Every structure is written in C-alpha cells, then in structure tokens.
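J.: Structure in structure tokens, see below.
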Amino acid sequence: MRCFDTANIYVKAGDGGKGCVAFRREKHVPRGGPSGGNGGNGGNVWAVVDDSLNSLAAFRKQLHYRATPGCLGGGSNRHGANGADLEIRVPPGTIMRRRDAPEDEPPLAELLFVGERAVLATGGRGGRGNASFKTGRNNAPTMAEFGEEGQEMWVELELKLVADVGIIGVPNAGKSTLLSVLSNAKPKVADYPFTTLVPNLGVCEMDYRTTVFADIPGLLEGAHAGVGLGHEFLRHCQRTRALVHVIDGTSPDPIGDYKALRTELQLFNAELLDKPQVVAYNKIDLPDSGDYIDEVREFLLGEGVPSEDIFAVSAATGKGVRDLVRRTRIVLDAMPVVEAVRTTDALNMRELPRRVSSADISDFTVTADPDNDRRWIVSGEAIDRFAAMTNWDYYEATLRFQKVLDATGINKALRAKGVQEGDIVVVGGSELEWSEDQSEGALYAAWREEKLARGTAWQGTARWPHAV
Ligand SMILES: Nc1nc2c(ncn2[C@@H]2O[C@H](COP(=O)(O)OP(=O)(O)OP(=O)(O)O)[C@@H](O)[C@H]2O)c(=O)[nH]1
Ligand SMILES: [Mg+2]
C-alpha cells in the first residue's frame, strides 16, 4: 500500500569560482612566474533523511534551493574557497527523480534511513588560474578560466508511505469516516456505497507513535473474482500488516456482512485471514445500531476473536476510536518489525560525475541555422561547457579555444557543411566569426578588435605578447 505525496523543487548547485591571472612580483626576481590561483568549486545540493518529517508539506512553501558558488581565485597562488553545500531534508521513503527524465531513467535517489544522503546536483569546478596553465613551452601563461556552472534541474519528489493498517468493510460501513477522525486525511465521505474508489492514506499520530492507515474501498461479494475493483482492493489489503474490520451497525444483517467479507478475503488469498485484525462495530451513535450489537459480539467471540479486539465505536462522533487505535498499535508492536525496502534502482550517488570529464569533447553536432544561412550552430555537452568556461578576455584562452576547434574536428565539420568567410558560428552561447585566415596574427588582431569594441579592461599587456 503506497501513498503518493509529491512535490517539485528546483535545485541549483554552486557555480565554480573564476580563475585568476597574476604574476609573482619580487624585488630580485625579474620574471616572477604565474601565480593566479584556481577558483573554488561550487557547493553541492544534497538530499538527507530527517525522520522527524513525515510529509513533503515543507516543499509547498519553498521551491528553490541553491548551494553557494565557489570564490574567485587570487594572486600568490591563493585558491578560492569552495562554496558551502546545501542540504535538503526529506522524510524517510522519499524518491527523487529528475523532472522530464525519460521513463527508463533510474531515480536520482531513494532515501529510507536516517544517515542516508545523496547528491542531487553537483557544484561546478572552479576555473583554473594561470599558474595551472604553466607548461614547459609556456612558462608565463596569461589566461584563466571561468568556473564551470553548477548543475541545475527540477526534481520531482515522491513520498512512499507504507500503510501499517488497512481499514476494510462492506460499502458504506464508515471506513472513510473512521480514517478521517483518526488521521490527518480528508477522504471523501458520502451516504452511498463505493464513495471510495482508490485507497486513501492517513497518518495517525497518537501517544508519540505514527501509524499509517489505509482506507480500502468497500469490498463486495465476488471481489475475489474481480467483481467491481475487487482484485485491486484485495491486493492493497495484502500489503498492509494488520486490518481494522469495520462493521456497519445499522446494517440489516451485520453478521452476514462480516462473514461475506471474510469469505472474500479467504477466496482471494487464505493468508489474508491470518492477518491480525481488530473489529470496529460502527455507528453506535445511531439507535438502530443497538439491534444486533450483543449478537455480533457473541458471534465474534465464537469465531475466536478475542474480546479485547472488539470495539463499539462511532466514527461520526469519535467515540471509542482512541481505544481502537491504541489496540491496533499494540497489535502492530507485537508483530516482527519489517525493514523498509528500496523499491527502485535509484542511483543514490555521493557525487554526480562532473560533466566536463564525463562527456567526450569530440561528440558534437553542426547544424545550419534554419533562419539564417550564414549562421551555424555547434553543440555538444563538452564543447558547450568548454566554451562557457573560456574567458575571452584573455587572448591565450581564445587561442586555446581555436586549437580545440581544430583538434576535435569541429572546424573540419564546419568546412564540410560549407561555412564561408564572415559567417557566424555559435558555440556554447558564444558567437564567433568564421575566418579562413587562422594564423595567429589574424586571430590576435580579431581578438584585440573585439576586446576594444567591448571596452573591457586591458589585462596582461605588460607581458604581451608572450611565448605561445
Ligand atoms: N451516524 C453515523 N454515521 C456514520 C458513522 N460512520 C459513517 N457514517 C455515515 O455513513 C455514510 C458512509 O460513510 P463512509 O465513511 O463514506 O463509508 P465507507 O465505508 O467509506 O463507504 P465506501 O467508501 O462507499 O465503501 C456517510 O454518510 C457517513 O456520514 C457513524 O459512526 N455514525
Ligand atoms: Mg469510503
């Protein structure tokens, strides 16, 4: 028996901090090496179990969850501080899925026990500072990266409650009314049979204990053979640990009702008869209910139902319900504890792979812009990310990007598609202009022109041009 309480939240891990370009300045060292530190990693978003929660109600109020970004890298090889992680507290039994995920994608997480945690979104890697670009061939790089963006997505939460107790009875016996008085549930109650069509779940909190009750739709003769929604309902009974059998005290034949229902249980699966059961003789606020009450009690005792498991109640007024719930709790406590079991193949990852490393950079597509035949769109997970982390303020970063376009075959693919001088090529949100002249002189001139046009601060001029 499951209850589907759901919520949708937006999670955003922290972006990585920007890498720094700096050079060592020391009195007697004429050419201090590069000393720009890396940006810090962005904080991750985690889901953690909090067993004081038993619903997803808190997520109605807050929808957005953001972890802290990484700090900027600094001079003197100071790396930026990592962003703080964010923990989202969820009740045990919560399943989290990426919204809009394909049907067959496993959930991100299914958390059952205190202490369990899983990452929902990984923070972006910090951008590298120029110190980390130093190589034998280029011992004074003037470039740094932007930090990687933190993952962001909408996550669907679903709380699966396992019902401890199934409330069964013939139609109109008062099962839904009983559920509504003993729990927080607000099931539909009406004066006609088959009001309840799908099981309702209610959480009952009493004496510092939590018990989950399920209101099973009315069972009819023939249910075992599939009459009405028979099979469906009986299956629900099977998953509960104990039963509360509600008898309609105003029925013309309460004993007949009781027997018929027991027969249905038996015909479906004889084991259902062995489930611990508490009987609630209902509607005792109505005078009619007095007609058979003693007879029913005698009958039940004769059937072997112990007298402490028989209650006369009024679901409408709440009379006797508290004692009924207490007894039910005692019955449950006498049963062996069942461990919650995972119901999905959730990933429950401690860390999602950083996307830069997981995607293949030569995995890309080149498409012509349908609205503009002088515009081309290059896209691919890794190349998009690489472009987003490229800090165009630095000529060397631009140069590095060009080399990657060549090495990955993107330039070749563009030529194959018929790209021409002056065409616009969009890569990861940045617009570049195609030129057949890919000499460094031409590249530098283009970069400088662009930079002056943007009016950005001139950086690294003192060292320019450097060995590249
Ligand atoms: N006076 C009185 N009426 C009750 C009591 N319990 C239930 N009723 C009434 O009985 C009718 C049926 O109640 P429900 O709770 O909908 O019964 P149910 O067993 O859930 O019925 P189905 O879902 O149709 O199988 C409603 O009109 C209730 O108000 C009670 O203790 N006293
Ligand atoms: Mg009902």
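Ordered as shown in the structure tokens, chains take letters A, B, and onward, while each chain numbers its residues from 1 and ligands are numbered from 1 in the order shown.
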Return as an MDAnalysis selection string the full set of residues in stretch 184-321 of chain A whose backbone-based DSSP assignment is strand (DSSP E or B).
T.: chainID A and resid 200:206 209:215 242:248 277:282 310:312 314 319
J.: Can I get the selection written as a PDB file, in the first residue's frame, with C-alpha atoms?
T.:
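Resulting contents of result_7.pdb:
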```pdb
ATOM      1  CA  ASN A 200      -6.744   6.879   0.896  1.00  0.00           C
ATOM      2  CA  LEU A 201      -3.853   7.001   3.316  1.00  0.00           C
ATOM      3  CA  GLY A 202      -3.841   8.787   6.617  1.00  0.00           C
ATOM      4  CA  VAL A 203      -1.079   9.274   9.141  1.00  0.00           C
ATOM      5  CA  CYS A 204      -2.262   8.855  12.724  1.00  0.00           C
ATOM      6  CA  GLU A 205      -0.107  10.359  15.422  1.00  0.00           C
ATOM      7  CA  MET A 206      -1.028   9.297  18.897  1.00  0.00           C
ATOM      8  CA  ARG A 209       3.690   6.983  17.687  1.00  0.00           C
ATOM      9  CA  THR A 210       2.971   7.250  13.999  1.00  0.00           C
ATOM     10  CA  THR A 211       0.720   4.723  12.323  1.00  0.00           C
ATOM     11  CA  VAL A 212      -0.304   4.848   8.705  1.00  0.00           C
ATOM     12  CA  PHE A 213      -3.867   3.744   7.949  1.00  0.00           C
ATOM     13  CA  ALA A 214      -5.298   2.993   4.536  1.00  0.00           C
ATOM     14  CA  ASP A 215      -8.975   3.291   3.768  1.00  0.00           C
ATOM     15  CA  ALA A 242      -2.917  -5.572  10.043  1.00  0.00           C
ATOM     16  CA  LEU A 243      -6.602  -4.947   9.353  1.00  0.00           C
ATOM     17  CA  VAL A 244      -9.373  -2.982  11.007  1.00  0.00           C
ATOM     18  CA  HIS A 245     -12.658  -4.586  10.008  1.00  0.00           C
ATOM     19  CA  VAL A 246     -15.468  -2.026  10.170  1.00  0.00           C
ATOM     20  CA  ILE A 247     -18.982  -3.403  10.650  1.00  0.00           C
ATOM     21  CA  ASP A 248     -21.949  -1.200   9.783  1.00  0.00           C
ATOM     22  CA  GLN A 277      -7.458  -7.984  12.850  1.00  0.00           C
ATOM     23  CA  VAL A 278      -9.295  -5.569  15.120  1.00  0.00           C
ATOM     24  CA  VAL A 279     -13.074  -5.249  14.726  1.00  0.00           C
ATOM     25  CA  ALA A 280     -14.911  -1.918  14.915  1.00  0.00           C
ATOM     26  CA  TYR A 281     -18.659  -2.165  15.315  1.00  0.00           C
ATOM     27  CA  ASN A 282     -19.556   1.276  13.955  1.00  0.00           C
ATOM     28  CA  ILE A 310     -13.711  -5.956  19.539  1.00  0.00           C
ATOM     29  CA  PHE A 311     -14.707  -2.292  19.795  1.00  0.00           C
ATOM     30  CA  ALA A 312     -18.002  -0.458  19.631  1.00  0.00           C
ATOM     31  CA  SER A 314     -18.857   5.890  16.416  1.00  0.00           C
ATOM     32  CA  LYS A 319     -16.406   7.631  20.474  1.00  0.00           C
TER      33      LYS A 319
END
```
J.: Produce as an NGL selection string the set of residues near ligand 2, where near means within 12 Å with only C-alpha atoms and all ligand atoms considered.
T.: :A and (167-180 or 185-201 or 214-219 or 246)
J.: For A:Leu72, which of A:Ala397, A:Leu108, A:Ile9, A:Val21 is the closest residue, counting only C-alpha atoms?
T.: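 Closest to A:Leu72 of all the choices is A:Val21.
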J.: Please provide the set of residues having any atom within 9 Å of stretch 56-70 of chain A, restricted to only C-alpha atoms, with same-chain residues fewer than 4 positions apart removed, written as a CSV table (one decimal) with C-alpha atoms, in the first residue's frame.
T.:
```
chain,number,residue,atom,x,y,z
A,5,ASP,CA,2.6,12.6,-1.8
A,6,THR,CA,4.5,14.6,-4.3
A,7,ALA,CA,6.4,17.9,-4.7
A,8,ASN,CA,8.5,19.6,-7.3
A,9,ILE,CA,11.6,21.6,-6.4
A,10,TYR,CA,14.3,23.5,-8.3
A,11,VAL,CA,17.9,22.8,-7.3
A,12,LYS,CA,20.9,24.7,-8.3
A,13,ALA,CA,24.4,23.7,-7.3
A,14,GLY,CA,27.0,26.5,-6.9
A,15,ASP,CA,29.0,27.7,-9.9
A,16,GLY,CA,32.7,27.3,-9.8
A,17,GLY,CA,34.7,30.5,-9.0
A,18,LYS,CA,36.7,32.3,-11.7
A,39,GLY,CA,38.5,29.4,-8.4
A,40,GLY,CA,36.8,27.4,-5.6
A,41,ASN,CA,34.4,24.6,-6.5
A,42,GLY,CA,30.7,25.4,-6.2
A,43,GLY,CA,28.7,23.8,-3.4
A,44,ASN,CA,26.7,20.6,-4.0
A,45,VAL,CA,23.0,20.1,-3.3
A,80,GLY,CA,39.2,30.5,-4.0
A,81,ALA,CA,37.3,28.9,-1.1
A,82,ASN,CA,34.8,26.1,-2.1
A,83,GLY,CA,31.1,27.0,-1.9
A,84,ALA,CA,29.2,25.5,1.0
A,85,ASP,CA,27.0,22.5,0.3
A,86,LEU,CA,23.2,22.8,0.8
A,87,GLU,CA,21.3,20.0,2.5
A,88,ILE,CA,17.6,19.5,1.7
A,90,VAL,CA,13.4,14.9,3.3
A,91,PRO,CA,11.3,12.3,5.1
A,94,THR,CA,11.4,9.9,-0.4
A,123,GLY,CA,28.7,22.1,-7.9
A,124,GLY,CA,30.8,23.4,-10.8
A,125,ARG,CA,34.5,23.0,-10.8
A,126,GLY,CA,36.5,26.2,-10.1
A,147,GLY,CA,34.3,28.4,-13.3
A,150,GLY,CA,26.8,24.2,-11.1
A,152,GLU,CA,20.6,22.8,-12.1
A,157,LEU,CA,9.9,14.3,-5.0
A,158,GLU,CA,7.6,11.4,-4.2
A,159,LEU,CA,7.0,10.2,-0.7
```
J.: Residues at most 10 Å from A:Ala368, counting only C-alpha atoms, excluding those fewer than 2 positions away in the same chain, as a PDB file with C-alpha atoms, in the first residue's frame?
T.:
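selection.pdb, freshly written:
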```
ATOM      1  CA  VAL A 366      26.968  21.096 -36.526  1.00  0.00           C
ATOM      2  CA  PRO A 370      17.179  27.440 -40.279  1.00  0.00           C
ATOM      3  CA  ASP A 371      16.515  31.196 -40.188  1.00  0.00           C
ATOM      4  CA  ASN A 372      19.913  32.391 -41.368  1.00  0.00           C
ATOM      5  CA  ASP A 373      22.045  30.618 -43.938  1.00  0.00           C
ATOM      6  CA  ARG A 374      25.156  32.498 -42.799  1.00  0.00           C
ATOM      7  CA  ARG A 375      24.870  31.138 -39.265  1.00  0.00           C
ATOM      8  CA  TRP A 376      25.979  27.740 -37.900  1.00  0.00           C
ATOM      9  CA  ILE A 377      25.307  26.131 -34.577  1.00  0.00           C
ATOM     10  CA  VAL A 378      27.820  23.797 -32.971  1.00  0.00           C
ATOM     11  CA  LEU A 414      32.071  23.328 -40.498  1.00  0.00           C
ATOM     12  CA  LYS A 417      28.974  21.958 -44.346  1.00  0.00           C
ATOM     13  CA  GLY A 418      30.129  24.886 -46.490  1.00  0.00           C
ATOM     14  CA  VAL A 419      30.937  27.599 -43.978  1.00  0.00           C
ATOM     15  CA  VAL A 425      29.424  30.204 -35.701  1.00  0.00           C
TER      16      VAL A 425
END
```
J.: Point out the residue among A:Asn391, A:Asn54, A:Asn77, A:Thr250 with the least atom-to-atom distance to ligand 1, counting only C-alpha atoms and all ligand atoms.
T.: A:Thr250
J.: Within 12 Å of A:Asp345, counting only C-alpha atoms, which residues qualify if same-chain residues fewer than 6 places away don't, as a list in words?
T.: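 In the requested format, the answer is Ile95, Met96, Arg97, Asp104, Glu105, Pro106, Pro107, Leu108, Ala109, Glu110 and Leu111 of chain A.
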J.: Just want the 12 Å neighbourhood of stretch 404-410 of chain A, counted on only C-alpha atoms, with same-chain residues fewer than 5 positions away dropped. Output as a PyMOL selection string.
T.: chain A and resi 360-367+376-380+382-384+386-387+390+397-399+415-417+419+425-427+432+434+438
J.: What's the separation between atom CA of A:Tyr394 and atom CA of A:Tyr444, in Å to one decimal place?
T.: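 So the two atoms, atom CA of A:Tyr394 and atom CA of A:Tyr444, lie 10.5 Å apart.
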J.: Between atom CA of A:Ile424 and atom CA of A:Gly441, measure the distance and give it in Å to one decimal.
T.: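 Atom CA of A:Gly441 lies 20.2 Å from atom CA of A:Ile424.
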J.: Which one of A:Pro287, A:Gly302, A:Gly222, A:Gly422 sits closest to ligand 1 if you count only C-alpha atoms and all ligand atoms?
T.: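 Of the candidates, the smallest distance to ligand 1 is held by A:Pro287.
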J.: Pick the closest to A:Lys412 from A:Leu452, A:Ala121, A:Ala340, A:Glu436: which is it, counting only C-alpha atoms?
T.: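 Ranking A:Leu452, A:Ala121, A:Ala340, A:Glu436 by distance to A:Lys412, first place goes to A:Glu436.
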J.: For ligand 1, which residue among A:Gly249, A:Gly73, A:Pro102, A:Gly115 is the nearest when counting only C-alpha atoms and all ligand atoms?
T.: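 Of the candidates, the smallest distance to ligand 1 is held by A:Gly249.
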J.: One number please: atom CA of A:Ser132 to atom CA of A:Ala22, in Å, one decimal.
T.: 11.3 Å
J.: I want to know what sits within 12 Å of A:Lys275, based on only C-alpha atoms, with residues of the same chain fewer than 6 positions away left out; could you give that as a list in words?
T.: Asp164, Val165, Gly166, Cys237, Gln238, Arg239, Thr240, Arg241, Ala242, Leu243, Val244, His245, Arg262, Leu265, Gln266, Asn269, Val331, Leu332 and Met335 of chain A
J.: Just write the chosen residues, C-alpha atoms, as a CSV table (one decimal), in the first residue's frame.
T.:
```csv
chain,number,residue,atom,x,y,z
A,164,ASP,CA,0.5,-0.4,8.5
A,165,VAL,CA,-3.2,-0.9,8.8
A,166,GLY,CA,-5.9,-1.5,6.1
A,237,CYS,CA,-5.1,-5.5,1.8
A,238,GLN,CA,-2.3,-7.9,1.2
A,239,ARG,CA,0.4,-5.2,1.6
A,240,THR,CA,-0.8,-4.0,4.9
A,241,ARG,CA,0.4,-5.5,8.2
A,242,ALA,CA,-2.9,-5.6,10.0
A,243,LEU,CA,-6.6,-4.9,9.4
A,244,VAL,CA,-9.4,-3.0,11.0
A,245,HIS,CA,-12.7,-4.6,10.0
A,262,ARG,CA,-14.1,-12.8,5.4
A,265,LEU,CA,-10.6,-12.4,1.8
A,266,GLN,CA,-10.2,-16.2,2.0
A,269,ASN,CA,-5.8,-15.5,-0.5
A,331,VAL,CA,-1.2,-5.5,17.7
A,332,LEU,CA,1.4,-3.9,15.4
A,335,MET,CA,4.5,-8.2,15.1
```
J.: As number ranges by chain, please: all residues of stretch 400-439 of chain A that backbone DSSP puts in helix (DSSP H, G or I).
T.: A: 400-407, 410-417
J.: Could you dump the residues just selected with N, CA and C atoms as a PDB file, in the first residue's frame?
T.:
```pdb
ATOM      1  N   ARG A 400      43.579  28.956 -27.238  1.00  0.00           N
ATOM      2  CA  ARG A 400      43.371  27.573 -26.785  1.00  0.00           C
ATOM      3  C   ARG A 400      42.062  27.034 -27.350  1.00  0.00           C
ATOM      4  N   PHE A 401      41.055  27.918 -27.353  1.00  0.00           N
ATOM      5  CA  PHE A 401      39.752  27.501 -27.872  1.00  0.00           C
ATOM      6  C   PHE A 401      39.857  27.152 -29.355  1.00  0.00           C
ATOM      7  N   GLN A 402      40.593  27.979 -30.096  1.00  0.00           N
ATOM      8  CA  GLN A 402      40.790  27.706 -31.523  1.00  0.00           C
ATOM      9  C   GLN A 402      41.448  26.351 -31.747  1.00  0.00           C
ATOM     10  N   LYS A 403      42.433  26.061 -30.911  1.00  0.00           N
ATOM     11  CA  LYS A 403      43.148  24.789 -31.067  1.00  0.00           C
ATOM     12  C   LYS A 403      42.201  23.614 -30.837  1.00  0.00           C
ATOM     13  N   VAL A 404      41.284  23.795 -29.869  1.00  0.00           N
ATOM     14  CA  VAL A 404      40.332  22.719 -29.583  1.00  0.00           C
ATOM     15  C   VAL A 404      39.364  22.544 -30.760  1.00  0.00           C
ATOM     16  N   LEU A 405      38.961  23.671 -31.368  1.00  0.00           N
ATOM     17  CA  LEU A 405      38.060  23.569 -32.534  1.00  0.00           C
ATOM     18  C   LEU A 405      38.720  22.763 -33.653  1.00  0.00           C
ATOM     19  N   ASP A 406      40.020  22.931 -33.772  1.00  0.00           N
ATOM     20  CA  ASP A 406      40.762  22.187 -34.783  1.00  0.00           C
ATOM     21  C   ASP A 406      40.903  20.718 -34.398  1.00  0.00           C
ATOM     22  N   ALA A 407      41.352  20.507 -33.162  1.00  0.00           N
ATOM     23  CA  ALA A 407      41.677  19.150 -32.709  1.00  0.00           C
ATOM     24  C   ALA A 407      40.446  18.250 -32.671  1.00  0.00           C
ATOM     25  N   ILE A 410      35.866  20.053 -35.272  1.00  0.00           N
ATOM     26  CA  ILE A 410      34.727  20.967 -35.455  1.00  0.00           C
ATOM     27  C   ILE A 410      34.969  21.863 -36.677  1.00  0.00           C
ATOM     28  N   ASN A 411      36.194  22.372 -36.792  1.00  0.00           N
ATOM     29  CA  ASN A 411      36.495  23.218 -37.956  1.00  0.00           C
ATOM     30  C   ASN A 411      36.294  22.445 -39.259  1.00  0.00           C
ATOM     31  N   LYS A 412      36.726  21.209 -39.240  1.00  0.00           N
ATOM     32  CA  LYS A 412      36.612  20.368 -40.429  1.00  0.00           C
ATOM     33  C   LYS A 412      35.128  20.151 -40.784  1.00  0.00           C
ATOM     34  N   ALA A 413      34.343  19.892 -39.742  1.00  0.00           N
ATOM     35  CA  ALA A 413      32.915  19.656 -39.954  1.00  0.00           C
ATOM     36  C   ALA A 413      32.230  20.912 -40.501  1.00  0.00           C
ATOM     37  N   LEU A 414      32.658  22.069 -40.020  1.00  0.00           N
ATOM     38  CA  LEU A 414      32.071  23.328 -40.498  1.00  0.00           C
ATOM     39  C   LEU A 414      32.407  23.529 -41.979  1.00  0.00           C
ATOM     40  N   ARG A 415      33.655  23.233 -42.334  1.00  0.00           N
ATOM     41  CA  ARG A 415      34.052  23.390 -43.741  1.00  0.00           C
ATOM     42  C   ARG A 415      33.241  22.445 -44.607  1.00  0.00           C
ATOM     43  N   ALA A 416      33.045  21.238 -44.098  1.00  0.00           N
ATOM     44  CA  ALA A 416      32.298  20.243 -44.871  1.00  0.00           C
ATOM     45  C   ALA A 416      30.866  20.710 -45.128  1.00  0.00           C
ATOM     46  N   LYS A 417      30.345  21.467 -44.191  1.00  0.00           N
ATOM     47  CA  LYS A 417      28.974  21.958 -44.346  1.00  0.00           C
ATOM     48  C   LYS A 417      28.906  23.171 -45.281  1.00  0.00           C
TER      49      LYS A 417
END
```
J.: From the set A:Asn348, A:Asn184, A:Thr317, A:Asn130, which residue has the shortest atom-to-atom contact distance to ligand 1, counting only C-alpha atoms and all ligand atoms?
T.: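 Residue with the minimum atom-to-atom distance to ligand 1: A:Thr317.
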